[in-house]
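Q: Questions regarding the structure given below will be posed in turn.
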Amino acid sequence: MSVGKEFPSELIRYADPRTGVEVKQLTRYRGHSHHFYFTNVGWYDNEQKLLFSSDRDNATNLYSVDLRDFRITQLTDLTPLPLPREVEFLRACLNPIKNEVYFWYGYDLLALNLDTLEQRQIYRMPDGYDVSMTNCSADGQYVYSSISEDMSDRFRVDLLRGYVGFKETWEAHPHSAIIQVAVDGSGDKAVFEEDYWIGHCNTSLKHPHLLTYCHEGPWHLVDNRIWGLDIQTGEVWKIRPSENGETVGHEYWHTDGELIGYHGHNPDGSEFFGHIRYDNTGRIEVPFEKVKTNHGHFHSNTIDIVVSDVAKTVDLWQWDGESYGRARALCSHDSSFKIQQLHVHPRFNASATQVVFTSDVSGYGNVYLVDVPEFESLPLLADI
């Protein structure tokens, strides 16, 4: 067993060639490493440690890097599984109350105590279903996730590499359920079901009974992307309904547990990002300047400052009371986006003083960390 195995620091510090900002490369193993999906926090232990996934010794496992000395510890020792059950940690989530992380392994939802490294099963998915994102409730009592009928016996499905079978799965309208799993292992239940492909269950960071989910599929084809669910009442509702050819997505909760951020496209192809309260009030949207885009994820803790990857750089946008003005480049990423694990997925820590992101600019996916300097000290995105 390699659980608890330690690796020496792999840290490399360098000045970014475009902005001059110091970048910390936290990993440099000859295999892909990446942090969690941008909606799921990876910092824990008072933000002294950061969780990440890494492909080492021909297996994918969960690791932690201590941000004080940058030593790395292996947290799991999992046997590789074939598609569509492959081991991956993009969907893993932390408990906001205690040092525990939850992740899928095959049909099982597992809990890992980050202090003792004790691992236990808290849920087993029914046969014939496949998994999606996990998120923990604000009170730390439940993990929520969606499961959907596995379509891989009908057509080829490889969603992590090129979205193979993405449109076909949406067209099939698989039966889906949102499951609630008690973290203490005391039980589970489906809290919502429908014949539509459901993904991305994201829990409010304030209200334990509220979450969003999405109707998964091509953004321009789904009936509505963002939905709200009240666990207590069972009510579901559209959030930020799209109209007249608009598309929205990549939704996430602000840390107040009230606002939901997202970005999207207007019918003419111009792009915007914004936020809205879960009850569809307080909607603010702003266009972002035209740049050569990749996938473009946005993240923010509050309305004050937003991080994105809309170009070959990790970019910051600052609210001035009326608009976000012009973006400034924080640092380069130059990632290929070849597979999901190589998407940049930038996100802030709790205080918005650091940004974590993933890039394969070195040839392998690696995890990077950047301290956020004064906004005005950074070059304008349009000038680099």
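Labeling convention for the structure tokens: chains A, B, ... as they appear, residues from 1 per chain, ligands from 1 in order of appearance.
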Counting only C-alpha atoms, which residues of segment 330-364 of chain A fall within 12 Å of segment 243-267 of chain A, and what is the closest atom pair for each with its distance in Å at one decimal, ordered by chain and rising number, as CSV?

A:
residue,atom,partner,partner_atom,distance
A:His345,CA,A:His250,CA,10.3
A:Arg347,CA,A:Tyr252,CA,10.8
A:Phe348,CA,A:Thr255,CA,10.8
A:Asn349,CA,A:Thr255,CA,10.6
A:Ala350,CA,A:Thr255,CA,8.1
A:Ser351,CA,A:Thr255,CA,10.2
A:Ala352,CA,A:Thr255,CA,11.0

Q: Filtering to N, CA, C and O atoms, could you give me those residues as a compact mmCIF listing (two decimals), in the first residue's frame?

A:
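Dumped to again.txt:
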# COMPACT_ATOMS: atom_id res chain seq x y z
N HIS A 345 -9.43 25.58 -15.60
CA HIS A 345 -10.31 25.62 -14.43
C HIS A 345 -9.77 26.51 -13.30
O HIS A 345 -9.65 26.08 -12.15
N ARG A 347 -9.50 28.97 -10.19
CA ARG A 347 -10.39 29.37 -9.11
C ARG A 347 -9.58 30.03 -7.99
O ARG A 347 -8.39 29.77 -7.82
N PHE A 348 -10.28 30.88 -7.23
CA PHE A 348 -9.67 31.56 -6.10
C PHE A 348 -9.71 30.69 -4.84
O PHE A 348 -10.59 29.82 -4.70
N ASN A 349 -8.79 30.99 -3.92
CA ASN A 349 -8.94 30.49 -2.56
C ASN A 349 -9.99 31.35 -1.85
O ASN A 349 -10.57 32.27 -2.44
N ALA A 350 -10.25 31.08 -0.57
CA ALA A 350 -11.36 31.74 0.12
C ALA A 350 -11.18 33.24 0.23
O ALA A 350 -12.17 34.00 0.23
N SER A 351 -9.95 33.71 0.31
CA SER A 351 -9.69 35.14 0.46
C SER A 351 -9.38 35.83 -0.86
O SER A 351 -9.10 37.04 -0.88
N ALA A 352 -9.43 35.09 -1.95
CA ALA A 352 -9.12 35.62 -3.30
C ALA A 352 -7.72 36.20 -3.37
O ALA A 352 -7.45 37.12 -4.16

Q: Sorted by chain and rising residue number, list the residues of segment 54-156 of chain A at most 12 Å from segment 161-184 of chain A (counting only C-alpha atoms), each with its closest atom pair and distance in Å to one decimal, as a tab-separated table.

A:
residue	atom	partner	partner_atom	distance
A:Leu83	CA	A:Arg161	CA	11.4
A:Pro84	CA	A:Arg161	CA	11.8
A:Cys93	CA	A:Val183	CA	11.9
A:Leu94	CA	A:Val183	CA	11.2
A:Asn95	CA	A:Val183	CA	9.0
A:Pro96	CA	A:Val183	CA	11.9
A:Ile97	CA	A:Val183	CA	11.4
A:Lys98	CA	A:Val183	CA	10.9
A:Glu100	CA	A:Val183	CA	9.3
A:Val101	CA	A:Val183	CA	9.9
A:Tyr102	CA	A:Val183	CA	8.8
A:Phe103	CA	A:Val183	CA	11.8
A:Asp108	CA	A:Val181	CA	11.6
A:Leu109	CA	A:Val181	CA	9.0
A:Leu110	CA	A:Val183	CA	9.4
A:Ala111	CA	A:Val183	CA	7.5
A:Leu112	CA	A:Val183	CA	10.5
A:Asn113	CA	A:Val183	CA	11.1
A:Arg120	CA	A:Asp184	CA	9.9
A:Gln121	CA	A:Val183	CA	9.6
A:Ile122	CA	A:Val183	CA	6.6
A:Tyr123	CA	A:Val181	CA	6.8
A:Arg124	CA	A:Val181	CA	10.0
A:Met125	CA	A:Ile179	CA	9.5
A:Pro126	CA	A:Ala177	CA	11.0
A:Gly128	CA	A:His175	CA	10.6
A:Tyr129	CA	A:Ser176	CA	8.6
A:Asp130	CA	A:Ser176	CA	9.4
A:Val131	CA	A:Ser176	CA	9.9
A:Ser132	CA	A:Ile178	CA	9.8
A:Met133	CA	A:Ile178	CA	10.5
A:Thr134	CA	A:Ile179	CA	9.8
A:Asn135	CA	A:Gln180	CA	10.0
A:Cys136	CA	A:Val183	CA	8.8
A:Ser137	CA	A:Gln180	CA	9.5
A:Asp139	CA	A:Val183	CA	10.9
A:Gly140	CA	A:Val183	CA	7.7
A:Gln141	CA	A:Val183	CA	5.7
A:Tyr142	CA	A:Ala182	CA	4.5
A:Val143	CA	A:Val181	CA	5.1
A:Tyr144	CA	A:Gln180	CA	4.9
A:Ser145	CA	A:Ile179	CA	5.5
A:Ser146	CA	A:Ile178	CA	4.3
A:Ile147	CA	A:Ala177	CA	5.5
A:Ser148	CA	A:Ser176	CA	4.1
A:Glu149	CA	A:Pro174	CA	5.3
A:Asp150	CA	A:Pro174	CA	7.9
A:Met151	CA	A:Thr169	CA	6.7
A:Ser152	CA	A:Gly165	CA	8.4
A:Asp153	CA	A:Gly165	CA	11.3
A:Arg154	CA	A:Thr169	CA	9.6
A:Phe155	CA	A:Gly165	CA	7.0
A:Arg156	CA	A:Gly165	CA	5.9

Q: Could you pull out all residues of segment 212-243 of chain A with a DSSP call of strand (DSSP E) and give them as a list in words?

A: Thr212, Tyr213, Cys214, His215, Ile226, Trp227, Gly228, Leu229, Asp230, Val236, Trp237, Lys238 and Ile239 of chain A

Q: Find the residues around Asp230 of chain A up to 10 Å (only C-alpha atoms counted), leave out those fewer than 5 positions away in its own chain, and share them as a list in words.

A: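 Once the nearby chain positions are removed, what remains is Val191, Phe192, His207, Pro208, His209, Leu210, Leu211, Thr212, Glu235, Val236 and Trp237 of chain A.
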
Q: Take the selection from the previous step and output its residues with N, CA, C and O atoms, as a PDB file, in the first residue's frame.

A:
ATOM      1  N   VAL A 191     -33.672  12.565  -4.232  1.00  0.00           N
ATOM      2  CA  VAL A 191     -34.494  13.718  -3.882  1.00  0.00           C
ATOM      3  C   VAL A 191     -35.152  14.345  -5.105  1.00  0.00           C
ATOM      4  O   VAL A 191     -36.029  15.199  -4.971  1.00  0.00           O
ATOM      5  N   PHE A 192     -34.746  13.911  -6.289  1.00  0.00           N
ATOM      6  CA  PHE A 192     -35.367  14.387  -7.519  1.00  0.00           C
ATOM      7  C   PHE A 192     -35.017  13.424  -8.640  1.00  0.00           C
ATOM      8  O   PHE A 192     -33.897  12.915  -8.706  1.00  0.00           O
ATOM      9  N   HIS A 207     -27.031  27.853   2.427  1.00  0.00           N
ATOM     10  CA  HIS A 207     -28.313  27.190   2.685  1.00  0.00           C
ATOM     11  C   HIS A 207     -28.183  25.687   2.441  1.00  0.00           C
ATOM     12  O   HIS A 207     -28.079  25.254   1.286  1.00  0.00           O
ATOM     13  N   PRO A 208     -28.209  24.854   3.491  1.00  0.00           N
ATOM     14  CA  PRO A 208     -28.026  23.410   3.300  1.00  0.00           C
ATOM     15  C   PRO A 208     -29.095  22.748   2.447  1.00  0.00           C
ATOM     16  O   PRO A 208     -28.869  21.656   1.920  1.00  0.00           O
ATOM     17  N   HIS A 209     -30.243  23.402   2.306  1.00  0.00           N
ATOM     18  CA  HIS A 209     -31.351  22.789   1.573  1.00  0.00           C
ATOM     19  C   HIS A 209     -31.424  23.223   0.124  1.00  0.00           C
ATOM     20  O   HIS A 209     -32.333  22.800  -0.604  1.00  0.00           O
ATOM     21  N   LEU A 210     -30.482  24.047  -0.338  1.00  0.00           N
ATOM     22  CA  LEU A 210     -30.547  24.554  -1.704  1.00  0.00           C
ATOM     23  C   LEU A 210     -29.383  24.061  -2.539  1.00  0.00           C
ATOM     24  O   LEU A 210     -28.234  24.019  -2.065  1.00  0.00           O
ATOM     25  N   LEU A 211     -29.674  23.711  -3.776  1.00  0.00           N
ATOM     26  CA  LEU A 211     -28.618  23.387  -4.729  1.00  0.00           C
ATOM     27  C   LEU A 211     -29.079  23.753  -6.130  1.00  0.00           C
ATOM     28  O   LEU A 211     -30.271  23.963  -6.388  1.00  0.00           O
ATOM     29  N   THR A 212     -28.106  23.869  -7.020  1.00  0.00           N
ATOM     30  CA  THR A 212     -28.405  23.989  -8.442  1.00  0.00           C
ATOM     31  C   THR A 212     -27.979  22.707  -9.130  1.00  0.00           C
ATOM     32  O   THR A 212     -27.105  21.984  -8.660  1.00  0.00           O
ATOM     33  N   GLU A 235     -39.355  21.737  -4.572  1.00  0.00           N
ATOM     34  CA  GLU A 235     -39.572  22.680  -5.669  1.00  0.00           C
ATOM     35  C   GLU A 235     -38.358  22.749  -6.581  1.00  0.00           C
ATOM     36  O   GLU A 235     -37.213  22.774  -6.120  1.00  0.00           O
ATOM     37  N   VAL A 236     -38.594  22.778  -7.891  1.00  0.00           N
ATOM     38  CA  VAL A 236     -37.537  23.012  -8.882  1.00  0.00           C
ATOM     39  C   VAL A 236     -37.950  24.206  -9.732  1.00  0.00           C
ATOM     40  O   VAL A 236     -39.142  24.444  -9.959  1.00  0.00           O
ATOM     41  N   TRP A 237     -36.968  24.982 -10.181  1.00  0.00           N
ATOM     42  CA  TRP A 237     -37.261  26.157 -10.983  1.00  0.00           C
ATOM     43  C   TRP A 237     -36.070  26.496 -11.871  1.00  0.00           C
ATOM     44  O   TRP A 237     -34.929  26.162 -11.571  1.00  0.00           O
TER      45      TRP A 237
END

Q: From the options A:Leu378, A:Ile276, A:Val367, A:Leu90, which residue's atoms come nearest to Tyr29 of chain A, counting only C-alpha atoms?

A: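 Looking at the shortest contact to Tyr29 of chain A, the residue is A:Val367.
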